[in-house]
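Printed here is upload.tsv (TSV, C-alpha atoms):
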```
chain	number	residue	atom	x	y	z
A	9	MET	CA	0.00	0.00	0.00
A	10	ALA	CA	1.34	3.43	-0.91
A	11	GLU	CA	2.23	5.76	1.96
A	12	ARG	CA	-0.25	8.56	2.47
A	13	PRO	CA	1.33	11.97	1.81
A	14	LEU	CA	1.71	14.29	4.76
A	15	PRO	CA	-1.19	16.70	5.08
A	16	LYS	CA	0.09	20.05	3.92
A	17	VAL	CA	-0.07	23.06	6.20
A	18	GLY	CA	1.09	26.53	5.37
A	19	TRP	CA	3.34	28.83	7.40
A	20	GLY	CA	0.47	31.22	8.07
A	21	ALA	CA	-1.84	28.54	9.39
A	22	ILE	CA	0.81	27.39	11.84
A	23	VAL	CA	1.44	30.94	13.03
A	24	GLY	CA	-2.30	31.44	13.51
A	25	ALA	CA	-2.63	28.24	15.50
A	26	GLY	CA	0.55	29.13	17.41
A	27	ALA	CA	-0.89	32.49	18.42
A	28	ALA	CA	-3.97	30.78	19.85
A	29	ALA	CA	-1.88	28.11	21.57
A	30	VAL	CA	0.47	30.64	23.21
A	31	LYS	CA	-2.52	32.52	24.54
A	32	ALA	CA	-4.26	29.39	25.84
A	33	ARG	CA	-1.32	27.38	27.20
A	34	GLY	CA	1.73	29.65	27.35
A	35	ILE	CA	5.00	29.22	25.51
A	36	GLY	CA	6.38	27.00	28.27
A	37	ALA	CA	3.69	24.38	27.75
A	38	MET	CA	3.55	24.57	23.96
A	39	THR	CA	5.07	21.83	21.79
A	40	LEU	CA	5.22	21.34	18.06
A	41	GLU	CA	3.39	18.04	18.61
A	42	ASP	CA	0.46	19.83	20.26
A	43	LEU	CA	0.45	22.43	17.52
A	44	ALA	CA	0.34	19.73	14.87
A	45	ALA	CA	-2.54	18.06	16.73
A	46	ASP	CA	-4.40	21.39	16.88
A	47	LEU	CA	-4.02	21.66	13.10
A	48	GLY	CA	-4.79	17.99	12.44
A	49	VAL	CA	-1.48	17.37	10.72
A	50	ASP	CA	1.65	15.37	11.33
A	51	THR	CA	4.37	16.97	13.47
A	52	ALA	CA	6.75	16.80	10.49
A	53	ALA	CA	4.47	19.19	8.59
A	54	VAL	CA	4.95	21.76	11.35
A	55	SER	CA	8.65	21.16	11.94
A	56	TYR	CA	9.19	21.69	8.20
A	57	TRP	CA	8.57	25.40	8.90
A	58	PHE	CA	9.56	25.81	12.55
A	59	ALA	CA	12.32	24.12	14.54
A	60	ASP	CA	10.77	24.91	17.93
A	61	PRO	CA	7.78	26.69	19.52
A	62	GLY	CA	9.92	29.75	20.22
A	63	GLN	CA	10.24	30.40	16.48
A	64	VAL	CA	6.46	30.32	16.19
A	65	LEU	CA	6.13	32.90	18.97
A	66	VAL	CA	8.72	35.14	17.30
A	67	ALA	CA	6.79	34.91	14.01
A	68	VAL	CA	3.57	35.88	15.83
A	69	MET	CA	5.32	38.89	17.36
A	70	GLU	CA	6.86	40.00	14.07
A	71	ILE	CA	3.48	39.90	12.34
A	72	ARG	CA	1.86	41.83	15.18
A	73	MET	CA	4.63	44.44	15.23
A	74	ASN	CA	4.50	44.89	11.43
A	75	TRP	CA	0.73	45.27	11.62
A	76	PHE	CA	1.04	47.76	14.47
A	77	LEU	CA	3.66	49.90	12.72
A	78	ASP	CA	1.77	49.83	9.39
A	79	GLU	CA	-1.44	50.82	11.15
A	80	ALA	CA	0.35	53.58	13.07
A	81	ARG	CA	1.90	54.97	9.87
A	82	ALA	CA	-1.46	54.90	8.09
A	83	ARG	CA	-3.14	56.76	10.96
A	84	MET	CA	-0.32	59.27	11.39
A	85	SER	CA	0.34	60.19	7.76
A	86	PRO	CA	-2.71	62.47	7.24
A	87	LEU	CA	-2.00	64.35	10.47
A	88	PRO	CA	-0.35	67.73	9.87
A	89	THR	CA	1.80	68.06	13.01
A	90	GLN	CA	4.27	65.81	14.78
A	91	SER	CA	2.47	66.48	18.07
A	92	GLU	CA	-0.68	64.94	16.63
A	93	ARG	CA	1.32	62.07	15.21
A	94	LEU	CA	2.96	61.30	18.53
A	95	ARG	CA	-0.39	61.46	20.28
A	96	GLU	CA	-1.89	59.13	17.66
A	97	PHE	CA	0.98	56.67	18.10
A	98	LEU	CA	0.55	56.63	21.88
A	99	GLU	CA	-3.22	56.29	21.56
A	100	LEU	CA	-2.82	53.28	19.30
A	101	SER	CA	-0.30	51.80	21.75
A	102	ALA	CA	-2.78	52.12	24.61
A	103	ALA	CA	-5.66	50.76	22.54
A	104	ASP	CA	-3.54	47.78	21.40
A	105	HIS	CA	-2.30	47.15	24.93
A	106	ASP	CA	-2.59	43.36	25.17
A	107	ALA	CA	0.94	42.34	26.20
A	108	THR	CA	0.34	38.59	26.42
A	109	TYR	CA	2.78	37.77	23.62
A	110	TRP	CA	5.34	40.26	24.90
A	111	ILE	CA	5.27	38.67	28.36
A	112	GLU	CA	5.73	35.23	26.82
A	113	LEU	CA	8.59	36.53	24.66
A	114	TRP	CA	10.28	38.09	27.70
A	115	ARG	CA	10.13	34.76	29.48
A	116	LEU	CA	11.50	32.92	26.47
A	117	SER	CA	14.21	35.56	25.95
A	118	SER	CA	15.52	35.08	29.45
A	119	ARG	CA	16.88	31.67	28.43
A	120	ASP	CA	16.94	31.58	24.63
A	121	GLU	CA	19.48	33.56	22.60
A	122	PRO	CA	17.59	33.68	19.26
A	123	ALA	CA	14.47	34.89	21.10
A	124	ARG	CA	16.60	37.49	22.88
A	125	ARG	CA	17.84	38.84	19.53
A	126	SER	CA	14.31	38.90	18.13
A	127	ARG	CA	13.01	40.75	21.17
A	128	GLN	CA	15.75	43.32	20.73
A	129	ALA	CA	14.92	43.79	17.03
A	130	LEU	CA	11.21	44.23	17.81
A	131	ALA	CA	11.92	46.70	20.63
A	132	ASP	CA	14.33	48.65	18.40
A	133	ALA	CA	11.74	48.93	15.60
A	134	TYR	CA	9.20	50.35	18.03
A	135	ARG	CA	11.68	52.78	19.59
A	136	ARG	CA	12.99	53.93	16.18
A	137	THR	CA	9.48	54.90	15.11
A	138	ILE	CA	8.95	57.05	18.20
A	139	ALA	CA	12.42	58.59	17.87
A	140	GLY	CA	11.64	59.45	14.23
A	141	ILE	CA	8.50	61.34	15.23
A	142	ILE	CA	10.43	63.21	17.93
A	143	ARG	CA	13.26	64.17	15.57
A	144	ALA	CA	10.75	65.44	13.01
A	145	GLY	CA	8.99	67.41	15.76
A	146	GLN	CA	12.26	68.96	16.87
A	147	ARG	CA	12.98	70.04	13.29
A	148	THR	CA	9.60	71.77	13.11
A	149	GLY	CA	10.17	73.35	16.50
A	150	GLU	CA	7.20	71.57	18.13
A	151	PHE	CA	9.26	69.62	20.67
A	152	GLY	CA	11.98	70.57	23.13
A	153	THR	CA	15.59	69.52	22.82
A	154	ALA	CA	15.60	66.28	24.84
A	155	SER	CA	17.46	63.36	23.28
A	156	PRO	CA	15.03	61.68	20.84
A	157	ASP	CA	16.53	58.25	21.44
A	158	LYS	CA	16.31	58.60	25.19
A	159	VAL	CA	12.71	59.84	25.18
A	160	ALA	CA	11.77	57.11	22.70
A	161	LEU	CA	13.31	54.49	24.98
A	162	ILE	CA	11.47	55.89	27.97
A	163	LEU	CA	8.09	56.00	26.22
A	164	ALA	CA	8.54	52.54	24.71
A	165	THR	CA	9.63	51.06	28.03
A	166	LEU	CA	6.81	52.72	29.92
A	167	THR	CA	4.38	51.40	27.30
A	168	ASN	CA	5.73	47.88	27.87
A	169	GLY	CA	5.36	48.11	31.63
A	170	LEU	CA	1.91	49.67	31.67
A	171	ALA	CA	0.64	47.30	28.99
A	172	ALA	CA	1.87	44.32	31.00
A	173	SER	CA	0.08	45.61	34.11
A	174	ALA	CA	-3.16	46.26	32.19
A	175	THR	CA	-2.97	42.81	30.60
A	176	LEU	CA	-2.60	41.20	34.02
A	177	GLY	CA	-5.74	42.90	35.30
A	178	ASP	CA	-4.01	45.52	37.44
A	179	ARG	CA	-6.76	47.53	39.14
A	180	GLU	CA	-4.69	50.73	38.92
A	181	VAL	CA	-3.72	50.48	35.26
A	182	SER	CA	-6.39	50.63	32.55
A	183	PRO	CA	-5.91	51.51	28.87
A	184	GLU	CA	-7.23	54.98	29.75
A	185	SER	CA	-4.82	55.57	32.64
A	186	MET	CA	-2.04	54.08	30.53
A	187	LEU	CA	-2.66	56.71	27.85
A	188	ASP	CA	-2.81	59.48	30.45
A	189	ALA	CA	0.57	58.41	31.88
A	190	LEU	CA	2.17	58.17	28.43
A	191	LEU	CA	0.87	61.56	27.32
A	192	ASP	CA	1.85	63.22	30.60
A	193	THR	CA	5.37	61.78	30.45
A	194	ALA	CA	5.82	62.74	26.78
A	195	GLU	CA	4.53	66.26	27.40
A	196	ARG	CA	6.91	66.83	30.29
A	197	LEU	CA	9.97	65.39	28.58
A	198	LEU	CA	9.35	67.15	25.27
A	199	SER	CA	7.94	70.43	26.63
A	200	VAL	CA	4.83	70.13	24.48
A	201	LYS	CA	1.07	69.85	24.94
A	202	LEU	CA	-0.51	66.72	23.47
A	203	ASP	CA	-4.23	67.21	23.90
A	204	PRO	CA	-5.78	63.85	24.71
A	205	ARG	CA	-8.85	62.79	22.81
A	206	ALA	CA	-12.01	62.25	24.75
A	207	ALA	CA	-12.02	58.48	24.50
A	208	LEU	CA	-9.93	55.61	23.24
A	209	GLU	CA	-10.85	54.20	19.89
A	210	PRO	CA	-11.82	50.53	20.02
B	11	MET	CA	13.86	23.95	60.87
B	12	ASP	CA	16.66	26.45	61.36
B	13	THR	CA	16.95	29.62	59.37
B	14	ASP	CA	20.28	28.57	57.87
B	15	PHE	CA	18.58	25.56	56.32
B	16	ARG	CA	15.82	27.69	54.79
B	17	ALA	CA	18.28	30.33	53.60
B	18	SER	CA	20.54	27.81	51.91
B	19	VAL	CA	17.59	26.07	50.23
B	20	LEU	CA	16.13	29.37	49.03
B	21	LYS	CA	19.53	30.41	47.68
B	22	ALA	CA	19.64	27.18	45.70
B	23	ALA	CA	16.06	27.85	44.55
B	24	GLU	CA	17.11	31.27	43.23
B	25	ASP	CA	19.69	29.63	40.99
B	26	LEU	CA	17.26	26.95	39.81
B	27	ILE	CA	14.53	29.48	38.98
B	28	ARG	CA	16.97	31.63	37.02
B	29	GLU	CA	18.11	28.59	35.06
B	30	ARG	CA	14.82	26.79	34.48
B	31	GLY	CA	12.01	29.15	35.31
B	32	ALA	CA	9.34	29.00	37.99
B	33	GLU	CA	8.01	25.61	36.92
B	34	GLY	CA	10.89	23.78	35.27
B	35	TRP	CA	12.17	22.00	38.36
B	36	SER	CA	10.97	19.66	41.11
B	37	MET	CA	11.55	19.34	44.84
B	38	ALA	CA	13.98	16.51	44.03
B	39	ASP	CA	15.97	18.90	41.80
B	40	LEU	CA	16.04	21.43	44.61
B	41	ALA	CA	17.17	18.78	47.08
B	42	ALA	CA	20.03	17.84	44.79
B	43	ARG	CA	20.97	21.48	44.19
B	44	SER	CA	20.90	22.40	47.88
B	45	ASP	CA	22.50	19.15	48.97
B	46	GLN	CA	19.67	18.39	51.41
B	47	PRO	CA	17.47	15.31	51.80
B	48	VAL	CA	14.28	15.67	49.77
B	49	GLU	CA	12.24	14.55	52.80
B	50	ASP	CA	13.50	17.56	54.75
B	51	LEU	CA	12.46	19.87	51.94
B	52	GLN	CA	9.02	18.29	51.71
B	53	ALA	CA	8.60	18.70	55.46
B	54	GLU	CA	9.55	22.38	55.27
B	55	PHE	CA	7.88	23.49	52.04
B	56	GLU	CA	4.40	22.61	50.86
B	57	SER	CA	5.17	22.78	47.14
B	58	GLU	CA	7.46	24.14	44.45
B	59	TRP	CA	5.08	27.10	44.14
B	60	GLU	CA	5.55	27.93	47.82
B	61	VAL	CA	9.31	27.88	47.30
B	62	PHE	CA	8.93	30.25	44.35
B	63	CYS	CA	6.75	32.62	46.42
B	64	LEU	CA	9.24	32.62	49.28
B	65	THR	CA	12.11	33.21	46.88
B	66	ILE	CA	10.60	36.23	45.16
B	67	ARG	CA	9.36	37.69	48.47
B	68	ARG	CA	12.83	37.30	49.97
B	69	ASP	CA	14.35	39.05	46.96
B	70	GLU	CA	11.86	41.92	47.23
B	71	GLU	CA	12.43	42.27	50.98
B	72	ARG	CA	16.20	42.48	50.47
B	73	TRP	CA	15.72	45.21	47.88
B	74	GLU	CA	13.20	47.10	50.00
B	75	SER	CA	15.47	46.92	53.05
B	76	ALA	CA	18.34	48.39	51.04
B	77	ILE	CA	16.13	51.37	50.17
B	78	ARG	CA	14.68	51.82	53.66
B	79	GLU	CA	18.05	51.55	55.38
B	80	ALA	CA	19.80	54.01	53.06
B	81	SER	CA	20.62	57.35	54.66
B	82	TYR	CA	19.21	60.50	53.11
B	83	LYS	CA	18.84	64.14	54.00
B	84	ASP	CA	15.70	64.91	52.01
B	85	ALA	CA	13.07	63.41	49.68
B	86	LYS	CA	15.17	64.05	46.59
B	87	GLU	CA	17.91	61.89	48.01
B	88	ARG	CA	15.35	59.21	48.87
B	89	VAL	CA	14.26	59.07	45.24
B	90	MET	CA	17.89	58.74	44.20
B	91	CYS	CA	18.36	55.91	46.73
B	92	LEU	CA	15.33	54.17	45.22
B	93	LEU	CA	16.66	54.49	41.68
B	94	GLU	CA	20.22	53.60	42.65
B	95	ALA	CA	19.02	50.41	44.32
B	96	CYS	CA	17.73	49.24	40.93
B	97	VAL	CA	20.97	49.77	39.04
B	98	PRO	CA	23.31	47.19	40.51
B	99	ASP	CA	20.48	44.78	41.38
B	100	TYR	CA	18.41	44.94	38.25
B	101	ASP	CA	17.90	41.19	37.86
B	102	TRP	CA	14.13	40.92	37.32
B	103	SER	CA	14.20	37.21	36.37
B	104	PHE	CA	11.74	36.25	39.10
B	105	TRP	CA	9.34	38.97	37.98
B	106	ILE	CA	9.45	37.75	34.39
B	107	GLU	CA	8.45	34.30	35.66
B	108	LEU	CA	5.71	35.76	37.82
B	109	TRP	CA	4.21	37.87	35.01
B	110	SER	CA	4.17	34.86	32.72
B	111	ALA	CA	2.48	32.67	35.34
B	112	ALA	CA	0.02	35.47	36.12
B	113	LEU	CA	-1.30	35.31	32.56
B	114	ARG	CA	-3.03	32.05	33.41
B	115	GLU	CA	-2.90	31.42	37.16
B	116	GLU	CA	-4.93	33.25	39.77
B	117	ARG	CA	-2.44	32.55	42.56
B	118	ALA	CA	0.33	34.19	40.51
B	119	ARG	CA	-1.94	37.12	39.71
B	120	GLN	CA	-2.58	37.61	43.44
B	121	LEU	CA	1.11	37.43	44.30
B	122	ARG	CA	1.98	39.96	41.57
B	123	ASP	CA	-0.73	42.27	42.86
B	124	GLU	CA	0.49	41.97	46.46
B	125	LEU	CA	4.13	42.67	45.56
B	126	ASP	CA	3.25	45.49	43.17
B	127	GLN	CA	1.06	47.17	45.79
B	128	ARG	CA	3.88	46.96	48.28
B	129	PHE	CA	6.41	48.45	45.87
B	130	ARG	CA	4.04	51.22	44.81
B	131	ALA	CA	3.29	52.03	48.46
B	132	LEU	CA	7.01	52.53	49.04
B	133	VAL	CA	7.31	54.84	46.01
B	134	GLU	CA	4.16	56.67	47.07
B	135	GLU	CA	5.58	57.19	50.58
B	136	ILE	CA	8.71	58.76	49.10
B	137	VAL	CA	6.76	60.99	46.69
B	138	GLN	CA	4.42	62.09	49.50
B	139	HIS	CA	7.45	62.93	51.65
B	140	GLY	CA	8.69	65.28	48.93
B	141	VAL	CA	5.26	66.86	48.51
B	142	ASP	CA	5.02	67.43	52.28
B	143	THR	CA	8.43	69.10	52.41
B	144	GLY	CA	7.69	71.21	49.34
B	145	GLU	CA	10.43	69.59	47.25
B	146	PHE	CA	8.02	68.00	44.75
B	147	VAL	CA	5.10	69.48	42.86
B	148	VAL	CA	2.70	66.63	42.11
B	149	ASP	CA	-1.07	66.69	41.45
B	150	ASP	CA	-1.76	63.00	41.98
B	151	VAL	CA	0.76	61.29	44.27
B	152	ARG	CA	-0.54	57.77	43.72
B	153	SER	CA	-0.62	57.86	39.93
B	154	THR	CA	2.85	59.42	39.88
B	155	ALA	CA	4.06	56.58	42.09
B	156	VAL	CA	2.47	54.03	39.76
B	157	THR	CA	4.19	55.59	36.72
B	158	ILE	CA	7.62	55.76	38.39
B	159	GLY	CA	7.27	52.24	39.78
B	160	THR	CA	6.21	50.88	36.41
B	161	LEU	CA	9.09	52.58	34.63
B	162	ILE	CA	11.59	51.12	37.10
B	163	ASP	CA	10.07	47.65	36.60
B	164	ALA	CA	10.10	47.88	32.82
B	165	MET	CA	13.62	49.35	32.61
B	166	ALA	CA	14.96	46.63	34.88
B	167	LEU	CA	13.17	44.05	32.75
B	168	GLN	CA	14.91	45.28	29.57
B	169	ALA	CA	18.27	45.31	31.37
B	170	THR	CA	17.68	41.77	32.66
B	171	LEU	CA	17.06	40.62	29.09
B	172	GLY	CA	20.41	42.06	28.00
B	173	ASP	CA	18.98	44.97	26.04
B	174	THR	CA	21.81	46.55	24.08
B	175	THR	CA	20.62	50.09	24.93
B	176	VAL	CA	19.40	49.69	28.51
B	177	ARG	CA	22.76	49.40	30.26
B	178	PRO	CA	22.70	50.12	34.01
B	179	ASN	CA	23.94	53.73	33.70
B	180	TYR	CA	21.55	54.50	30.86
B	181	MET	CA	18.69	52.98	32.82
B	182	PHE	CA	19.59	55.11	35.84
B	183	ASP	CA	19.90	58.25	33.75
B	184	ALA	CA	16.52	57.66	32.06
B	185	CYS	CA	14.78	56.99	35.39
B	186	VAL	CA	16.28	60.18	36.85
B	187	ALA	CA	15.06	62.19	33.83
B	188	VAL	CA	11.50	60.86	34.11
B	189	SER	CA	11.36	61.19	37.89
B	190	SER	CA	12.60	64.80	37.68
B	191	ALA	CA	9.94	65.61	35.09
B	192	LEU	CA	7.10	63.91	36.98
B	193	LEU	CA	8.08	65.30	40.39
B	194	GLY	CA	8.57	68.84	39.13
B	195	THR	CA	12.12	69.05	40.41
B	196	GLN	CA	15.67	68.58	39.24
B	197	LEU	CA	17.20	65.44	40.67
B	198	THR	CA	20.97	65.52	40.48
B	199	MET	CA	23.08	62.56	39.56
B	200	PRO	CA	25.37	61.55	42.43
B	201	LYS	CA	29.05	62.24	42.08
B	202	ARG	CA	30.76	58.89	41.82
B	203	THR	CA	33.88	58.53	43.96
B	204	GLU	CA	36.82	57.28	41.96
B	205	PRO	CA	38.43	54.19	43.49
B	206	GLU	CA	41.56	55.00	45.46
B	207	GLY	CA	44.76	54.49	43.55
B	208	GLY	CA	42.77	54.18	40.30
```
Translate the structure described by the file into C-alpha cells.
Amino acid sequence: MAERPLPKVGWGAIVGAGAAAVKARGIGAMTLEDLAADLGVDTAAVSYWFADPGQVLVAVMEIRMNWFLDEARARMSPLPTQSERLREFLELSAADHDATYWIELWRLSSRDEPARRSRQALADAYRRTIAGIIRAGQRTGEFGTASPDKVALILATLTNGLAASATLGDREVSPESMLDALLDTAERLLSVKLDPRAALEP
Amino acid sequence: MDTDFRASVLKAAEDLIRERGAEGWSMADLAARSDQPVEDLQAEFESEWEVFCLTIRRDEERWESAIREASYKDAKERVMCLLEACVPDYDWSFWIELWSAALREERARQLRDELDQRFRALVEEIVQHGVDTGEFVVDDVRSTAVTIGTLIDAMALQATLGDTTVRPNYMFDACVAVSSALLGTQLTMPKRTEPEGG
C-alpha cells in the first residue's frame, strides 16, 4: 500500500494556531506536537517550517509588530503636526495594549538567545518609530531639545510596563490611565502639549 | 527547621529558577541542588510554588530593606536611593516568571498584585514625603508613584534581558530624567567617587 502523503499546512496557518496556543497554554507548555494536533497534521508538517515553539512565537510577534507599525503609519500620515502624530501613536499603543505575547517573549528571551535577539529587534523597531517622530517634531520646532533616542526608549519602556500591568488585570492600570501616563510623560519630557482625545478608539 | 537551612535552600532555589524558570524543576531537583534530603524539603515546604513565592518575596524584601536603610537628607535623596538600588540589582528574572504565570494562574496574579502594591506604596511614601516638604510638585501622588514604579520595573526588565541600549547607567539616567519631570524638580546625579589608587 502506498504511503499517504503528509497533510500540507502553510506557514500562516501554523502561526495562527501558534498564536492561539500561546494565549491558551503559554510558551512553556507549547510543543510542536500539540500544535500539529491542533491543526490535524503530522508533526513533520509543522517542523518543516519551525524548529521549535519559540520560532512560532517570534513569528507571531513579528506579524503583530508589522501590523502595528503599518497601522500607526497609516493613521499618522494624514495628520499635519508631529504632536498629533505622537499622540496618535501613543493612543494606538494604549488601545492595542494586550501584552500577552510580549510577556511570553520576555520569558522565552531570558533563556533563549535567538528569542533574545528577536526581542531586541522588535523593541528597536518600536523605539525607532517614536524617535523618528520626535526628531521630526524637533525640526519643526514643536518639541523641546531632549534626546530623541532617550525619550523614545522611555516611552517605549513605559508602554511595555503599563501594557503588561493592564494585561494582568491591574486595578490601577487601565488603557485609559495608561494613555494618560504616556501623554503626561511625553509632554513633560518634550515640553509640548498633546491634547488627549475624549475616548480611546476601540 | 533552622533559618540557615531555609536560607541555603532558598539560595539554591534562586539559581534553579533563574536557570529553568518557575516551573521547570521539582523538589527533588532542589534537594540535589541544595545538597539536602528531599524529605527535609518536603517537610519544610508545601510545594514548588511555595518555594517560588518565598524566593521572590525574599528578593523583594532584600531590595526594599536596602532602600529603607539608606541614609538621606531629604526626599530628593530618597528618590535617588530608590533608583540607585535598581541599578546594581536589576535582575528581574523572578518577575518575568511571575508575570508569565500570572497570565493564566490566579495565585500568581494575586502574588503579583500583592508585591506590586507593596512596591508602589514605598514609592508613594517617598513621593508624598517630597510633597510634604515642598520639594516636589505633584497633582496625583498615587498615579505618579504608579508611573515611576512601572518605569523602574520595565527598565529593569529590559536590562535583565540584555537589552543593548538599557545598560545600568543608561537605565539610571533615564529613570532620573523621568522622575525629575514627573516630580517637578531637578534630581541631580550623584558624584561617583573614583576608586583609590585608580
Could you build a table of the residues in chain A lying no more than 8 Å from chain B, giving for each the nearest pair of atoms and their separation in Å rounded to one decimal place, using only C-alpha atoms, ordered by chain and ascending residue number, as a Markdown table?
```
| residue | atom | partner | partner_atom | distance |
| --- | --- | --- | --- | --- |
| A:Arg33 | CA | B:Arg114 | CA | 8.0 |
| A:Gly34 | CA | B:Ser110 | CA | 7.9 |
| A:Thr108 | CA | B:Leu113 | CA | 7.2 |
| A:Ile111 | CA | B:Ser110 | CA | 5.9 |
| A:Glu112 | CA | B:Ser110 | CA | 6.1 |
| A:Trp114 | CA | B:Ile106 | CA | 6.7 |
| A:Arg115 | CA | B:Ile106 | CA | 5.8 |
| A:Ser117 | CA | B:Leu171 | CA | 6.6 |
| A:Ser118 | CA | B:Leu171 | CA | 5.8 |
| A:Arg119 | CA | B:Glu29 | CA | 7.4 |
| A:Arg124 | CA | B:Leu171 | CA | 7.0 |
| A:Gln128 | CA | B:Asp173 | CA | 6.4 |
| A:Lys158 | CA | B:Ala184 | CA | 6.9 |
| A:Ile162 | CA | B:Ala184 | CA | 6.7 |
| A:Thr165 | CA | B:Ala164 | CA | 5.8 |
| A:Leu166 | CA | B:Leu161 | CA | 5.2 |
| A:Asn168 | CA | B:Ala164 | CA | 6.6 |
| A:Gly169 | CA | B:Ala164 | CA | 4.9 |
| A:Leu170 | CA | B:Thr160 | CA | 6.5 |
| A:Ala172 | CA | B:Trp109 | CA | 7.9 |
| A:Thr175 | CA | B:Leu113 | CA | 7.9 |
| A:Leu176 | CA | B:Leu113 | CA | 6.2 |
| A:Asp178 | CA | B:Asp123 | CA | 7.1 |
| A:Glu180 | CA | B:Val156 | CA | 7.9 |
| A:Ala189 | CA | B:Thr157 | CA | 6.7 |
| A:Thr193 | CA | B:Leu192 | CA | 7.1 |
| A:Arg196 | CA | B:Ala191 | CA | 5.8 |
| A:Leu197 | CA | B:Ala191 | CA | 6.5 |
```
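Between atom CA of B:Arg130 and atom CA of B:Ala155 the separation is 6.0 Å.
From atom CA of A:Asp132 back to atom CA of A:Glu99, the distance works out to 19.4 Å.
Here atom CA of A:Leu187 is placed at a distance of 20.4 Å from atom CA of B:Glu134.
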If you take only C-alpha atoms and a cut-off of 8 Å, which residues of stretch 17-119 of chain A touch stretch 141-155 of chain A, and what are their nearest atom pairs and distances in Å to one decimal, in chain and number order, as a Markdown table?
```
| residue | atom | partner | partner_atom | distance |
| --- | --- | --- | --- | --- |
| A:Thr89 | CA | A:Gly145 | CA | 7.7 |
| A:Gln90 | CA | A:Gly145 | CA | 5.1 |
| A:Ser91 | CA | A:Glu150 | CA | 6.9 |
| A:Arg93 | CA | A:Ile141 | CA | 7.2 |
| A:Leu94 | CA | A:Ile141 | CA | 6.4 |
```
Give me, as a ChimeraX atom specification, all polymer residues having an atom no more than 9 Å from A:Phe97, counting only C-alpha atoms and skipping those fewer than 2 positions away in the same chain. /A:80-81,83-84,92-95,99-102,138
Once 3 Å is added on each side, what are the centre and the three edge lengths, in Å to one decimal, of the axis-aligned box enclosing the listed atoms of stretch 15-19 of chain A? Present them as AutoDock Vina command-line options.
```
--center_x 1.1 --center_y 22.8 --center_z 5.7 --size_x 10.5 --size_y 18.1 --size_z 9.5
```
